[in-house]
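Worksheet for the structure shown next.
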Amino acid sequence: MKFFVDSADIDAIAELNELGMVDGVTTNPSLIMKSGRDILEVTKEICALVEGPVSAEVVSTDADQMIAEGRKLAEIAPNITVKVPLTWDGLKACKVLSGEGKMVNVTLCFSVNQALLAAKAGATFISPFIGRLDDINLDGMELIADIREVYDNYGFETQILAASIRSANHVAESARIGADVITAPPAVIKALASHPLTDKGLAAFLADIEKTGQKIL
């Protein structure tokens, strides 16, 4: 399973990238604006840092405007993935941009029917939002499983990019179900290494070493 980092923090992305934990990055205008920097400038910097796909989101809601913005974003770097919303206009933009050979991430997916439409429109990635479904007492992981089944039934090549990841459990369940990609904030990816029994075992080990006074260096 591929790991995308959901962040516009260059330092955080670079740290994970050095460990080989970054297969791509997802950004949006809101994340970049929090940094107080120019959207195109930050996106270009991320693309230079990361080899994999970097999702850059359009801000228009009209199909023609989304297509124009998508073309401009795609000029930033060859690894740009144009992110469009799962609306009818977004699907129109996806069809045109994907037809031009551009990678497209269709975001804000909350149903199997929406995922089916995105695949038919040629989306490279479909982004179901797990956490936001959980917020309204629906099962976000069930949606991932349903999309996986439908895509496998018909051989769609659109990759399932599990988004709105809130916890390490979301990552584990996405991997178990067979999501192609997860995108998560740096803190969630780092949390995957944590387990209370690991901490307990390490503490006991260090205590034993201290008692014996043994050192390697």
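In the structure tokens, chains take the letters A, B, ... in the order shown, each chain's residues start at 1, and ligands count up from 1 in the order shown.
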
What residues in segment 167-208 of chain A get the DSSP label alpha helix (DSSP H)? Please answer as a list in words.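 Residues meeting the alpha helix (DSSP H) criterion: Ala168, Asn169, His170, Val171, Ala172, Glu173, Ser174, Ala175, Arg176, Ile177, Pro186, Ala187, Val188, Ile189, Lys190, Ala191, Pro196, Leu197, Thr198, Asp199, Lys200, Gly201, Leu202, Ala203, Ala204, Phe205, Leu206, Ala207 and Asp208 of chain A.
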
I'd like the neighbourhood of segment 143-149 of chain A as a PyMOL selection string, where a residue qualifies if any of its atoms comes within 6 Å (using only C-alpha atoms), though same-chain residues fewer than 3 positions away should be ignored. chain A and resi 112+140+152+177

Expected file contents, prior selection, N, CA and C atoms, as a compact mmCIF listing (two decimals), in the first residue's frame:
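Below you can see again_24.txt, which holds the result:
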```
# COMPACT_ATOMS: atom_id res chain seq x y z
N VAL A 112 -20.51 4.57 -3.15
CA VAL A 112 -20.03 3.67 -4.20
C VAL A 112 -20.43 4.20 -5.58
N GLY A 140 -17.06 4.44 7.52
CA GLY A 140 -16.18 4.82 6.42
C GLY A 140 -15.44 3.64 5.83
N ASP A 152 -12.94 -4.23 -8.39
CA ASP A 152 -12.41 -5.56 -8.74
C ASP A 152 -13.37 -6.31 -9.65
N ILE A 177 -8.37 -4.17 3.92
CA ILE A 177 -9.42 -4.21 2.91
C ILE A 177 -8.84 -4.20 1.50
```

Within 7 Å of Val25 of chain A, counting only C-alpha atoms, which residues show up once you throw out same-chain ones fewer than 6 positions away? Write them as a ChimeraX atom specification, please. /A:4-6,53-55

Kindly save the residues from that selection, with all heavy atoms included, as a PDB file, in the first residue's frame.
```
ATOM      1  N   PHE A   4       0.609   8.345   1.099  1.00  0.00           N
ATOM      2  CA  PHE A   4       0.668   9.751   0.713  1.00  0.00           C
ATOM      3  C   PHE A   4       0.593  10.576   1.997  1.00  0.00           C
ATOM      4  O   PHE A   4      -0.110  10.196   2.942  1.00  0.00           O
ATOM      5  CB  PHE A   4      -0.495  10.140  -0.196  1.00  0.00           C
ATOM      6  CG  PHE A   4      -0.378   9.642  -1.619  1.00  0.00           C
ATOM      7  CD1 PHE A   4       0.618   8.766  -2.003  1.00  0.00           C
ATOM      8  CD2 PHE A   4      -1.297  10.046  -2.579  1.00  0.00           C
ATOM      9  CE1 PHE A   4       0.720   8.303  -3.315  1.00  0.00           C
ATOM     10  CE2 PHE A   4      -1.207   9.602  -3.892  1.00  0.00           C
ATOM     11  CZ  PHE A   4      -0.201   8.725  -4.261  1.00  0.00           C
ATOM     12  N   VAL A   5       1.314  11.684   2.032  1.00  0.00           N
ATOM     13  CA  VAL A   5       1.280  12.572   3.188  1.00  0.00           C
ATOM     14  C   VAL A   5       0.302  13.702   2.899  1.00  0.00           C
ATOM     15  O   VAL A   5       0.408  14.376   1.869  1.00  0.00           O
ATOM     16  CB  VAL A   5       2.677  13.156   3.494  1.00  0.00           C
ATOM     17  CG1 VAL A   5       2.615  14.030   4.742  1.00  0.00           C
ATOM     18  CG2 VAL A   5       3.687  12.048   3.694  1.00  0.00           C
ATOM     19  N   ASP A   6      -0.640  13.899   3.804  1.00  0.00           N
ATOM     20  CA  ASP A   6      -1.643  14.945   3.646  1.00  0.00           C
ATOM     21  C   ASP A   6      -1.150  16.189   4.380  1.00  0.00           C
ATOM     22  O   ASP A   6      -1.474  16.409   5.552  1.00  0.00           O
ATOM     23  CB  ASP A   6      -2.979  14.474   4.211  1.00  0.00           C
ATOM     24  CG  ASP A   6      -4.127  15.395   3.829  1.00  0.00           C
ATOM     25  OD1 ASP A   6      -4.092  15.963   2.726  1.00  0.00           O
ATOM     26  OD2 ASP A   6      -5.061  15.555   4.635  1.00  0.00           O
ATOM     27  N   PRO A  53       3.176  11.107  -7.036  1.00  0.00           N
ATOM     28  CA  PRO A  53       2.122  12.058  -7.366  1.00  0.00           C
ATOM     29  C   PRO A  53       1.898  13.099  -6.264  1.00  0.00           C
ATOM     30  O   PRO A  53       1.911  12.763  -5.072  1.00  0.00           O
ATOM     31  CB  PRO A  53       0.884  11.173  -7.528  1.00  0.00           C
ATOM     32  CG  PRO A  53       1.423   9.809  -7.818  1.00  0.00           C
ATOM     33  CD  PRO A  53       2.695   9.716  -7.039  1.00  0.00           C
ATOM     34  N   VAL A  54       1.694  14.330  -6.663  1.00  0.00           N
ATOM     35  CA  VAL A  54       1.378  15.417  -5.742  1.00  0.00           C
ATOM     36  C   VAL A  54       0.043  16.005  -6.166  1.00  0.00           C
ATOM     37  O   VAL A  54      -0.074  16.601  -7.238  1.00  0.00           O
ATOM     38  CB  VAL A  54       2.461  16.513  -5.748  1.00  0.00           C
ATOM     39  CG1 VAL A  54       2.048  17.683  -4.858  1.00  0.00           C
ATOM     40  CG2 VAL A  54       3.809  15.945  -5.301  1.00  0.00           C
ATOM     41  N   SER A  55      -0.974  15.808  -5.345  1.00  0.00           N
ATOM     42  CA  SER A  55      -2.310  16.307  -5.678  1.00  0.00           C
ATOM     43  C   SER A  55      -2.404  17.795  -5.401  1.00  0.00           C
ATOM     44  O   SER A  55      -2.130  18.257  -4.287  1.00  0.00           O
ATOM     45  CB  SER A  55      -3.377  15.572  -4.864  1.00  0.00           C
ATOM     46  OG  SER A  55      -3.551  14.249  -5.314  1.00  0.00           O
TER      47      SER A  55
END
```

Give me the residues within 12 Å of segment 191-206 of chain A as a list in words, counting only C-alpha atoms and dropping any in the same chain fewer than 5 places off.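 Surrounding residues, per the criterion: Phe3, Met21, Arg166, Ser167, Ala168, Asn169, His170, Val171, Ala172, Ala184, Pro185, Pro186, Lys211, Thr212, Gly213, Gln214 and Lys215 of chain A.
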
Expected file: the selected residues, N, CA, C and O atoms, as a PDB file, in the first residue's frame:
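Printed below is part03.pdb as written:
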```
ATOM      1  N   PHE A   3       1.813   5.178   0.732  1.00  0.00           N
ATOM      2  CA  PHE A   3       1.564   6.203   1.740  1.00  0.00           C
ATOM      3  C   PHE A   3       1.694   7.581   1.095  1.00  0.00           C
ATOM      4  O   PHE A   3       2.767   7.937   0.595  1.00  0.00           O
ATOM      5  N   MET A  21       9.009   6.849   3.520  1.00  0.00           N
ATOM      6  CA  MET A  21       7.600   6.696   3.891  1.00  0.00           C
ATOM      7  C   MET A  21       6.662   7.527   3.028  1.00  0.00           C
ATOM      8  O   MET A  21       5.473   7.605   3.308  1.00  0.00           O
ATOM      9  N   ARG A 166      -7.948   9.370  10.248  1.00  0.00           N
ATOM     10  CA  ARG A 166      -7.841  10.009  11.560  1.00  0.00           C
ATOM     11  C   ARG A 166      -6.990   9.228  12.553  1.00  0.00           C
ATOM     12  O   ARG A 166      -6.598   9.763  13.588  1.00  0.00           O
ATOM     13  N   SER A 167      -6.740   7.950  12.271  1.00  0.00           N
ATOM     14  CA  SER A 167      -6.083   7.125  13.283  1.00  0.00           C
ATOM     15  C   SER A 167      -5.272   6.007  12.647  1.00  0.00           C
ATOM     16  O   SER A 167      -5.426   5.703  11.459  1.00  0.00           O
ATOM     17  N   ALA A 168      -4.426   5.381  13.481  1.00  0.00           N
ATOM     18  CA  ALA A 168      -3.653   4.226  13.032  1.00  0.00           C
ATOM     19  C   ALA A 168      -4.583   3.079  12.657  1.00  0.00           C
ATOM     20  O   ALA A 168      -4.288   2.297  11.741  1.00  0.00           O
ATOM     21  N   ASN A 169      -5.712   2.959  13.332  1.00  0.00           N
ATOM     22  CA  ASN A 169      -6.670   1.901  13.001  1.00  0.00           C
ATOM     23  C   ASN A 169      -7.248   2.083  11.598  1.00  0.00           C
ATOM     24  O   ASN A 169      -7.480   1.106  10.884  1.00  0.00           O
ATOM     25  N   HIS A 170      -7.479   3.316  11.208  1.00  0.00           N
ATOM     26  CA  HIS A 170      -7.946   3.584   9.846  1.00  0.00           C
ATOM     27  C   HIS A 170      -6.937   3.072   8.823  1.00  0.00           C
ATOM     28  O   HIS A 170      -7.316   2.501   7.794  1.00  0.00           O
ATOM     29  N   VAL A 171      -5.656   3.279   9.104  1.00  0.00           N
ATOM     30  CA  VAL A 171      -4.617   2.831   8.179  1.00  0.00           C
ATOM     31  C   VAL A 171      -4.611   1.306   8.103  1.00  0.00           C
ATOM     32  O   VAL A 171      -4.576   0.720   7.010  1.00  0.00           O
ATOM     33  N   ALA A 172      -4.640   0.639   9.262  1.00  0.00           N
ATOM     34  CA  ALA A 172      -4.598  -0.824   9.298  1.00  0.00           C
ATOM     35  C   ALA A 172      -5.798  -1.426   8.577  1.00  0.00           C
ATOM     36  O   ALA A 172      -5.661  -2.394   7.809  1.00  0.00           O
ATOM     37  N   ALA A 184      -2.557  10.582   4.865  1.00  0.00           N
ATOM     38  CA  ALA A 184      -2.748  10.914   6.267  1.00  0.00           C
ATOM     39  C   ALA A 184      -1.774  12.009   6.683  1.00  0.00           C
ATOM     40  O   ALA A 184      -0.698  12.158   6.084  1.00  0.00           O
ATOM     41  N   PRO A 185      -2.134  12.771   7.721  1.00  0.00           N
ATOM     42  CA  PRO A 185      -1.216  13.788   8.239  1.00  0.00           C
ATOM     43  C   PRO A 185       0.057  13.132   8.771  1.00  0.00           C
ATOM     44  O   PRO A 185       0.041  11.950   9.156  1.00  0.00           O
ATOM     45  N   PRO A 186       1.167  13.863   8.811  1.00  0.00           N
ATOM     46  CA  PRO A 186       2.425  13.307   9.322  1.00  0.00           C
ATOM     47  C   PRO A 186       2.286  12.676  10.705  1.00  0.00           C
ATOM     48  O   PRO A 186       2.867  11.616  10.961  1.00  0.00           O
ATOM     49  N   LYS A 211      21.270  -1.672  34.833  1.00  0.00           N
ATOM     50  CA  LYS A 211      21.717  -2.452  36.004  1.00  0.00           C
ATOM     51  C   LYS A 211      23.065  -3.108  35.761  1.00  0.00           C
ATOM     52  O   LYS A 211      23.921  -3.173  36.642  1.00  0.00           O
ATOM     53  N   THR A 212      23.253  -3.637  34.549  1.00  0.00           N
ATOM     54  CA  THR A 212      24.489  -4.352  34.242  1.00  0.00           C
ATOM     55  C   THR A 212      25.638  -3.411  33.894  1.00  0.00           C
ATOM     56  O   THR A 212      26.817  -3.789  33.987  1.00  0.00           O
ATOM     57  N   GLY A 213      25.272  -2.206  33.468  1.00  0.00           N
ATOM     58  CA  GLY A 213      26.294  -1.240  33.088  1.00  0.00           C
ATOM     59  C   GLY A 213      26.969  -1.542  31.771  1.00  0.00           C
ATOM     60  O   GLY A 213      28.018  -0.961  31.455  1.00  0.00           O
ATOM     61  N   GLN A 214      26.406  -2.455  30.984  1.00  0.00           N
ATOM     62  CA  GLN A 214      27.025  -2.826  29.696  1.00  0.00           C
ATOM     63  C   GLN A 214      26.781  -1.751  28.648  1.00  0.00           C
ATOM     64  O   GLN A 214      25.742  -1.123  28.610  1.00  0.00           O
ATOM     65  N   LYS A 215      27.814  -1.569  27.787  1.00  0.00           N
ATOM     66  CA  LYS A 215      27.723  -0.611  26.698  1.00  0.00           C
ATOM     67  C   LYS A 215      28.327  -1.209  25.435  1.00  0.00           C
ATOM     68  O   LYS A 215      29.176  -2.070  25.508  1.00  0.00           O
TER      69      LYS A 215
END
```

Based on DSSP run over this structure's backbone, return all residues of segment 73-103 of chain A in strand (DSSP E), as a PyMOL selection string. chain A and resi 80-85+103

Mind dumping a table of every segment 75-98 of chain A residue within 12 Å of segment 26-34 of chain A, with the nearest atom pair and its distance in Å to one decimal, using only C-alpha atoms, sorted by chain and rising number, as JSON lines?
```
{"residue": "A:Asn79", "atom": "CA", "partner": "A:Thr26", "partner_atom": "CA", "distance": 11.7}
{"residue": "A:Ile80", "atom": "CA", "partner": "A:Thr26", "partner_atom": "CA", "distance": 10.0}
{"residue": "A:Thr81", "atom": "CA", "partner": "A:Thr26", "partner_atom": "CA", "distance": 8.9}
{"residue": "A:Val82", "atom": "CA", "partner": "A:Thr26", "partner_atom": "CA", "distance": 10.1}
{"residue": "A:Lys83", "atom": "CA", "partner": "A:Asn28", "partner_atom": "CA", "distance": 8.5}
{"residue": "A:Val84", "atom": "CA", "partner": "A:Asn28", "partner_atom": "CA", "distance": 10.4}
{"residue": "A:Pro85", "atom": "CA", "partner": "A:Asn28", "partner_atom": "CA", "distance": 11.5}
```

Could the residues in this selection be written to a file with C-alpha atoms, as an mmCIF file, in the first residue's frame?
```cif
data_model
loop_
_atom_site.group_PDB
_atom_site.id
_atom_site.type_symbol
_atom_site.label_atom_id
_atom_site.label_comp_id
_atom_site.auth_asym_id
_atom_site.auth_seq_id
_atom_site.Cartn_x
_atom_site.Cartn_y
_atom_site.Cartn_z
ATOM 1 C CA ASN A 79 4.137 14.496 -11.083
ATOM 2 C CA ILE A 80 1.180 16.815 -10.486
ATOM 3 C CA THR A 81 -2.190 15.146 -9.989
ATOM 4 C CA VAL A 82 -5.080 17.534 -10.537
ATOM 5 C CA LYS A 83 -7.595 17.238 -7.725
ATOM 6 C CA VAL A 84 -11.251 17.919 -8.587
ATOM 7 C CA PRO A 85 -14.431 17.533 -6.502
#
```

Which residues, written as a list in words, have at least one atom at most 7 Å from segment 94-96 of chain A, with only C-alpha atoms counted and residues fewer than 4 positions away on the same chain left out? Gly90, Glu100, Val104, Ala121, Gly122 and Ala123 of chain A

Grab the residues selected above and save them as a PDB file, in the first residue's frame with C-alpha atoms.
```pdb
ATOM      1  CA  GLY A  90     -15.821  17.779 -11.566  1.00  0.00           C
ATOM      2  CA  GLU A 100      -5.179  14.664 -22.092  1.00  0.00           C
ATOM      3  CA  VAL A 104      -6.664  13.234 -11.787  1.00  0.00           C
ATOM      4  CA  ALA A 121     -14.637   9.296 -16.131  1.00  0.00           C
ATOM      5  CA  GLY A 122     -11.042   8.065 -16.089  1.00  0.00           C
ATOM      6  CA  ALA A 123      -9.935   9.122 -12.606  1.00  0.00           C
TER       7      ALA A 123
END
```

Would you pick out the contacts of Glu51 of chain A at 10 Å or less, using only C-alpha atoms, so that residues sharing its chain but fewer than 3 positions from it are not included, and give the list as a PyMOL selection string? chain A and resi 17+22-25+46-48+54+78-79

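Minimum atom-to-atom distances from A:Ile216, A:Gly20, A:Leu116, A:Asp38 to Lys2 of chain A were compared using only C-alpha atoms, and the lowest value belongs to A:Gly20.
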
Which residue is closest to Leu40 of chain A? Choose from A:Ile136, A:Val58, A:Asn105, A:Ile126 and count only C-alpha atoms.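 For Leu40 of chain A, the nearest of the given residues is A:Val58.
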
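Of note, atom CA of Ser111 of chain A and atom CA of Thr87 of chain A are spaced 12.3 Å apart.
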
Which residues, written as a VMD selection string, have at least one atom at most 8 Å from segment 174-176 of chain A, with only C-alpha atoms counted and residues fewer than 5 positions away on the same chain left out? chain A and resid 1 141 144 162 182

Dump of N, CA, C and O atoms for the selected residues, as a PDB file, in the first residue's frame:
```pdb
ATOM      1  N   MET A   1       0.842  -1.197   0.000  1.00  0.00           N
ATOM      2  CA  MET A   1       0.000   0.000   0.000  1.00  0.00           C
ATOM      3  C   MET A   1       0.877   1.247   0.000  1.00  0.00           C
ATOM      4  O   MET A   1       1.869   1.319   0.713  1.00  0.00           O
ATOM      5  N   MET A 141     -15.064   2.676   6.663  1.00  0.00           N
ATOM      6  CA  MET A 141     -14.326   1.519   6.181  1.00  0.00           C
ATOM      7  C   MET A 141     -15.206   0.632   5.301  1.00  0.00           C
ATOM      8  O   MET A 141     -14.721  -0.013   4.370  1.00  0.00           O
ATOM      9  N   ILE A 144     -14.911   1.853   1.794  1.00  0.00           N
ATOM     10  CA  ILE A 144     -13.672   1.406   1.151  1.00  0.00           C
ATOM     11  C   ILE A 144     -13.832  -0.024   0.640  1.00  0.00           C
ATOM     12  O   ILE A 144     -13.457  -0.355  -0.497  1.00  0.00           O
ATOM     13  N   ALA A 162      -7.628   6.161   0.211  1.00  0.00           N
ATOM     14  CA  ALA A 162      -8.385   6.375   1.450  1.00  0.00           C
ATOM     15  C   ALA A 162      -7.959   7.691   2.092  1.00  0.00           C
ATOM     16  O   ALA A 162      -6.794   7.884   2.433  1.00  0.00           O
ATOM     17  N   ILE A 182      -3.215   5.280   1.094  1.00  0.00           N
ATOM     18  CA  ILE A 182      -3.832   6.080   2.159  1.00  0.00           C
ATOM     19  C   ILE A 182      -3.129   7.422   2.154  1.00  0.00           C
ATOM     20  O   ILE A 182      -1.943   7.514   1.816  1.00  0.00           O
TER      21      ILE A 182
END
```

Distance of atom CA of Asp62 of chain A from atom CA of Trp88 of chain A, expressed in Å to one decimal place: 9.4 Å

Pick from A:Lys120, A:Lys92, A:Lys102, A:Lys44, whichever lies nearest to Met66 of chain A using only C-alpha atoms: A:Lys92
